[in-house]
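S.K.: Pasting a structure here, questions to come.
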Amino acid sequence: MEQNTRPQAKEKMNVVKAQRLIEQVALLRQKLLGEVRKVIIGQEEVLSQILMALFCRGHCLVIGVPGLAKTLIVRTLARCLELDFKRIQFTPDLMPSDITGTEVLEIDRETGERGFRFAPGPIFTNILLADEINRTPPKTQAALLEAMQEYGVTVGGVTHRIEAPFFVLATQNPIEQEGTYPLPEAQLDRFMLNVMIDYPKRDEEVEIFRLTTMDELPEAAPVMDARQIRSIQNVVHKIPVSEHVLEYVASLVRASRPECEDAPEFIRHYVEWGAGTRGGQNLVLGAKAVAMLDGRFNVSCADVRSVAHPVLRHRIYTNFNADSEGVSVEDVIDRLLKTVAEPDEADYAEKAKSRL
């Protein structure tokens with residue numbers, strides 16, 4: 001009897017510990033946003049989504065016109081989180097080794113022997129801003145995306161690990177498309193979120209003009225470090241999710257696929273290709289992060305809906321019908337969220353029993 005109660009007691013202690021950490025994370029989030037607001041005016045939703053991806057061990061693809069402070073946002077977050085930050089400007093002549101690093105030939109001054117030494121590239125950092133990723137050829141894009149997936153770089157048969165936390169924020173300019181190399185669908189799917197940065201509101205823009213034209217600019221102070229971030233990332237993946245929420249995510253993802261029997265008629269009419277399984281996984285992880293940042297240990301279907309747009313907008317592809325009728329991906333996702341209802345308990349109770 002005593003042997004059976006020990007694992008239960010240990011599990012209960014872990015849950016209590018996780019709940020306390022989540023409460024601390026909610027407080028740290030408010031403190032972090034307070035520091036960031038000293039430098040960044042507005043863009044609250046963008047900041048929340050970037051934090052969400054970071055705490056889920058994911059990566060972000062950011063779409064926005066030049067001059068909307070993308071670099072400043074990332075640099076300020078890196079300072080507040082006490083993380084190493086590097087920026088790469090992607091150009092057509094950028095080579096994979098310019099990102100990952102390469103082996104250089106060295107001569108030992110004492111022995112005269114020659115040997116190769118690995119010189120790490122800028123990808124060996126905590127936060128990497130890949131500016132205008134669609135301006136570089138697919139071979140260079142693939143080198144970055146492989147490191148994002150594997151958290152390491154292999155050169156000369158030797159794998160060099162990238163120290164966690166490792167977060168990539170890649171940007172694309174939606175206006176200038178000439179001379180670009182759009183990311184293939186399979187590579188887009190590796191980004192957890194597609195974040196849209198829009199122009200600030202009028203009062204926010206007036207404040208930006210005032211703040212950025214002063215002689216001395218305010219600076220944000222550190223709030224947490226890499227060790228704390230790794231602890232938060234571990235907690236996110238341990239947050240339990242109910243059968244109710246999992247069934248709802250499955251219904252959303254499957255309803256986005258026109259070839260699926262669960263797809264509504266408007267999906268068959270407007271969508272060429274729907275979200276894959278990774279999209280569903282990221283919906284669950286994103287919902288967990290939303291609950292955690294809100295100081296909650298329970299994940300709801302409302303949390304899933306709150307992350308649906310950044311998770312799905314680069315995983316659902318509209319067809320000619322949608323283009324000709326002016327129906328955007330955002331419109332499709334909005335309608336999908338209104339159409340797909342939360343499952344009734346009776347619908348998944350039998351499934352849950354069968355798994356026991």
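Letters A, B, ... mark the chains of the structure tokens in the order given; residue numbers begin at 1 per chain; ligand numbers begin at 1, in order shown.
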Which residues, written as a PyMOL selection string, have at least one atom at most 9 Å from range 105-122 of chain A, with only C-alpha atoms counted and residues fewer than 3 positions away on the same chain left out?
M.R.: chain A and resi 86-88+97-102+125+128+155+160
S.K.: Give me the range 143-238 of chain A side of the contact with range 31-47 of chain A, cut-off 10 Å, one line per residue showing its nearest atom pair and distance in Å at one decimal, counting only C-alpha atoms, sorted by chain and residue number, as JSON lines.
M.R.:
```
{"residue": "A:Val195", "atom": "CA", "partner": "A:Val46", "partner_atom": "CA", "distance": 6.7}
{"residue": "A:Met196", "atom": "CA", "partner": "A:Val46", "partner_atom": "CA", "distance": 7.4}
{"residue": "A:Ile197", "atom": "CA", "partner": "A:Val46", "partner_atom": "CA", "distance": 6.7}
{"residue": "A:Asp198", "atom": "CA", "partner": "A:Gln43", "partner_atom": "CA", "distance": 8.3}
{"residue": "A:Tyr199", "atom": "CA", "partner": "A:Gln43", "partner_atom": "CA", "distance": 9.0}
{"residue": "A:Pro200", "atom": "CA", "partner": "A:Gly42", "partner_atom": "CA", "distance": 6.7}
{"residue": "A:Lys201", "atom": "CA", "partner": "A:Gly42", "partner_atom": "CA", "distance": 7.9}
{"residue": "A:Asp203", "atom": "CA", "partner": "A:Gly42", "partner_atom": "CA", "distance": 9.6}
{"residue": "A:Glu204", "atom": "CA", "partner": "A:Ile41", "partner_atom": "CA", "distance": 6.1}
{"residue": "A:Glu205", "atom": "CA", "partner": "A:Ile41", "partner_atom": "CA", "distance": 7.9}
{"residue": "A:Val206", "atom": "CA", "partner": "A:Ile41", "partner_atom": "CA", "distance": 9.8}
{"residue": "A:Glu207", "atom": "CA", "partner": "A:Ile41", "partner_atom": "CA", "distance": 7.3}
{"residue": "A:Ile208", "atom": "CA", "partner": "A:Ile41", "partner_atom": "CA", "distance": 6.4}
{"residue": "A:Leu211", "atom": "CA", "partner": "A:Val39", "partner_atom": "CA", "distance": 8.3}
{"residue": "A:Thr212", "atom": "CA", "partner": "A:Val39", "partner_atom": "CA", "distance": 9.0}
{"residue": "A:Leu217", "atom": "CA", "partner": "A:Val39", "partner_atom": "CA", "distance": 7.7}
{"residue": "A:Pro218", "atom": "CA", "partner": "A:Val39", "partner_atom": "CA", "distance": 6.1}
{"residue": "A:Glu219", "atom": "CA", "partner": "A:Val39", "partner_atom": "CA", "distance": 6.4}
{"residue": "A:Ala220", "atom": "CA", "partner": "A:Glu35", "partner_atom": "CA", "distance": 5.0}
{"residue": "A:Ala221", "atom": "CA", "partner": "A:Glu35", "partner_atom": "CA", "distance": 6.3}
{"residue": "A:Pro222", "atom": "CA", "partner": "A:Glu35", "partner_atom": "CA", "distance": 8.1}
{"residue": "A:Val223", "atom": "CA", "partner": "A:Leu32", "partner_atom": "CA", "distance": 6.0}
{"residue": "A:Met224", "atom": "CA", "partner": "A:Leu32", "partner_atom": "CA", "distance": 8.3}
```
S.K.: In range 120-235 of chain A, what's strand (DSSP E or B) per DSSP? Answer as a PDB file with N, CA and C atoms, in the first residue's frame?
M.R.:
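Below you can see states.pdb, which holds the result:
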```pdb
ATOM      1  N   PRO A 120      32.248  28.897 -35.232  1.00  0.00           N
ATOM      2  CA  PRO A 120      30.783  28.982 -35.189  1.00  0.00           C
ATOM      3  C   PRO A 120      30.253  30.213 -35.909  1.00  0.00           C
ATOM      4  N   ILE A 127      18.796  34.109 -29.205  1.00  0.00           N
ATOM      5  CA  ILE A 127      17.740  34.697 -30.035  1.00  0.00           C
ATOM      6  C   ILE A 127      18.364  35.171 -31.339  1.00  0.00           C
ATOM      7  N   LEU A 128      17.852  34.669 -32.443  1.00  0.00           N
ATOM      8  CA  LEU A 128      18.367  35.020 -33.765  1.00  0.00           C
ATOM      9  C   LEU A 128      17.278  35.711 -34.572  1.00  0.00           C
ATOM     10  N   LEU A 129      17.573  36.909 -35.041  1.00  0.00           N
ATOM     11  CA  LEU A 129      16.662  37.612 -35.945  1.00  0.00           C
ATOM     12  C   LEU A 129      17.130  37.376 -37.374  1.00  0.00           C
ATOM     13  N   ALA A 130      16.350  36.603 -38.134  1.00  0.00           N
ATOM     14  CA  ALA A 130      16.660  36.326 -39.543  1.00  0.00           C
ATOM     15  C   ALA A 130      15.858  37.305 -40.387  1.00  0.00           C
ATOM     16  N   ASP A 131      16.479  38.438 -40.706  1.00  0.00           N
ATOM     17  CA  ASP A 131      15.768  39.530 -41.364  1.00  0.00           C
ATOM     18  C   ASP A 131      15.618  39.262 -42.857  1.00  0.00           C
ATOM     19  N   GLY A 152      21.003  22.001 -33.748  1.00  0.00           N
ATOM     20  CA  GLY A 152      22.410  21.685 -33.918  1.00  0.00           C
ATOM     21  C   GLY A 152      22.839  21.881 -35.356  1.00  0.00           C
ATOM     22  N   VAL A 153      24.152  21.921 -35.588  1.00  0.00           N
ATOM     23  CA  VAL A 153      24.724  22.098 -36.920  1.00  0.00           C
ATOM     24  C   VAL A 153      25.786  21.022 -37.119  1.00  0.00           C
ATOM     25  N   THR A 154      25.722  20.328 -38.255  1.00  0.00           N
ATOM     26  CA  THR A 154      26.702  19.278 -38.564  1.00  0.00           C
ATOM     27  C   THR A 154      27.652  19.780 -39.641  1.00  0.00           C
ATOM     28  N   VAL A 155      28.931  19.835 -39.323  1.00  0.00           N
ATOM     29  CA  VAL A 155      29.971  20.266 -40.259  1.00  0.00           C
ATOM     30  C   VAL A 155      31.111  19.268 -40.187  1.00  0.00           C
ATOM     31  N   VAL A 158      30.739  16.258 -37.828  1.00  0.00           N
ATOM     32  CA  VAL A 158      30.643  16.510 -36.380  1.00  0.00           C
ATOM     33  C   VAL A 158      29.453  17.418 -36.121  1.00  0.00           C
ATOM     34  N   THR A 159      28.595  17.037 -35.170  1.00  0.00           N
ATOM     35  CA  THR A 159      27.420  17.838 -34.829  1.00  0.00           C
ATOM     36  C   THR A 159      27.748  18.772 -33.665  1.00  0.00           C
ATOM     37  N   HIS A 160      27.504  20.035 -33.868  1.00  0.00           N
ATOM     38  CA  HIS A 160      27.737  21.050 -32.851  1.00  0.00           C
ATOM     39  C   HIS A 160      26.375  21.502 -32.332  1.00  0.00           C
ATOM     40  N   ARG A 161      26.120  21.289 -31.057  1.00  0.00           N
ATOM     41  CA  ARG A 161      24.826  21.591 -30.472  1.00  0.00           C
ATOM     42  C   ARG A 161      24.668  23.093 -30.225  1.00  0.00           C
ATOM     43  N   PHE A 167      15.861  30.505 -30.074  1.00  0.00           N
ATOM     44  CA  PHE A 167      14.627  31.041 -30.628  1.00  0.00           C
ATOM     45  C   PHE A 167      14.933  31.828 -31.893  1.00  0.00           C
ATOM     46  N   VAL A 168      14.257  31.480 -32.989  1.00  0.00           N
ATOM     47  CA  VAL A 168      14.449  32.170 -34.262  1.00  0.00           C
ATOM     48  C   VAL A 168      13.210  32.988 -34.586  1.00  0.00           C
ATOM     49  N   LEU A 169      13.440  34.251 -34.900  1.00  0.00           N
ATOM     50  CA  LEU A 169      12.372  35.118 -35.375  1.00  0.00           C
ATOM     51  C   LEU A 169      12.759  35.576 -36.777  1.00  0.00           C
ATOM     52  N   ALA A 170      12.077  35.023 -37.779  1.00  0.00           N
ATOM     53  CA  ALA A 170      12.366  35.345 -39.173  1.00  0.00           C
ATOM     54  C   ALA A 170      11.337  36.350 -39.680  1.00  0.00           C
ATOM     55  N   THR A 171      11.787  37.333 -40.450  1.00  0.00           N
ATOM     56  CA  THR A 171      10.878  38.360 -40.952  1.00  0.00           C
ATOM     57  C   THR A 171      10.747  38.267 -42.468  1.00  0.00           C
ATOM     58  N   GLN A 172       9.595  38.699 -42.939  1.00  0.00           N
ATOM     59  CA  GLN A 172       9.346  38.822 -44.370  1.00  0.00           C
ATOM     60  C   GLN A 172       8.648  40.149 -44.630  1.00  0.00           C
ATOM     61  N   LEU A 193       4.428  29.965 -35.091  1.00  0.00           N
ATOM     62  CA  LEU A 193       3.480  31.057 -35.258  1.00  0.00           C
ATOM     63  C   LEU A 193       3.843  31.924 -36.452  1.00  0.00           C
ATOM     64  N   ASN A 194       2.824  32.444 -37.099  1.00  0.00           N
ATOM     65  CA  ASN A 194       2.984  33.476 -38.127  1.00  0.00           C
ATOM     66  C   ASN A 194       2.393  34.757 -37.532  1.00  0.00           C
ATOM     67  N   VAL A 195       3.272  35.679 -37.150  1.00  0.00           N
ATOM     68  CA  VAL A 195       2.868  36.886 -36.434  1.00  0.00           C
ATOM     69  C   VAL A 195       2.776  38.054 -37.410  1.00  0.00           C
ATOM     70  N   MET A 196       1.656  38.739 -37.393  1.00  0.00           N
ATOM     71  CA  MET A 196       1.447  39.897 -38.255  1.00  0.00           C
ATOM     72  C   MET A 196       1.670  41.171 -37.443  1.00  0.00           C
TER      73      MET A 196
END
```
S.K.: Go through A:Pro240, A:Val332, A:Arg210, A:Asp189 one by one, measure the shortest atom-to-atom distance of each to Gly276 in chain A using only C-alpha atoms, and give the residue with the smallest value.
M.R.: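 Among A:Pro240, A:Val332, A:Arg210, A:Asp189, it is A:Asp189 that comes nearest to Gly276 in chain A.
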S.K.: What separation in Å, quoted to one decimal, exists between CA of Ile63 in chain A and CA of Arg278 in chain A?
M.R.: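 Taking CA of Ile63 in chain A and CA of Arg278 in chain A, their separation equals 20.6 Å.
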S.K.: Just give me the gap between CA of His314 in chain A and CA of Leu61 in chain A in Å, one decimal is fine.
M.R.: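 Pair CA of His314 in chain A / CA of Leu61 in chain A returns 9.2 Å.
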S.K.: Please determine, counting only C-alpha atoms, which residue among A:Met148, A:Leu94, A:Leu72, A:Val104 has the shortest atom-to-atom distance to Thr136 in chain A.
M.R.: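 Between A:Met148, A:Leu94, A:Leu72, A:Val104, the residue approaching Thr136 in chain A most closely is A:Leu94.
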S.K.: If we count only C-alpha atoms and set the cut-off at 12 Å, which residues sit around range 20-22 of chain A, ignoring sequence neighbours fewer than 3 positions away in its own chain? Please answer as an NGL selection string.
M.R.: :A and (13-17 or 25-29 or 55 or 228-229 or 231-236 or 238-239 or 288-298)
S.K.: Taking 4 positions as the minimum chain separation for residues in the same chain, which residues sit within 12 Å of Glu259 in chain A when counting only C-alpha atoms? Answer as JSON, numbers by chain.
M.R.: {"A": [254, 255, 263, 264, 265, 267, 268, 269, 271, 272, 273, 274, 275]}
S.K.: Could you list, as a ChimeraX atom specification, every residue within 12 Å of Glu146 in chain A, counting only C-alpha atoms and ignoring same-chain residues fewer than 2 positions away?
M.R.: /A:96,99-100,123,138-144,148-154,162,168,186-187,190-191
S.K.: List every residue of range 69-270 of chain A that DSSP, applied to the backbone of this structure, assigns to alpha helix (DSSP H), and report them as an MDAnalysis selection string.
M.R.: chainID A and resid 70:80 96:100 138:150 185:188 202:212 226:238 243:255 265:270
S.K.: Report, in Å to a single decimal, how far apart CA of Thr339 in chain A and CA of Ala302 in chain A are.
M.R.: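 Taking CA of Ala302 in chain A and CA of Thr339 in chain A, their separation equals 14.3 Å.
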S.K.: Give the answer as one residue: which of A:Ile133, A:Val327, A:Ala308, A:Met214 has the shortest atom-to-atom distance to Thr180 in chain A, using only C-alpha atoms?
M.R.: A:Ile133
S.K.: Have a look at A:His237, A:Val311, A:Val284, A:Pro258 and name the one nearest to Leu188 in chain A; count only C-alpha atoms.
M.R.: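 Closest to Leu188 in chain A, using only C-alpha atoms: A:Val311.
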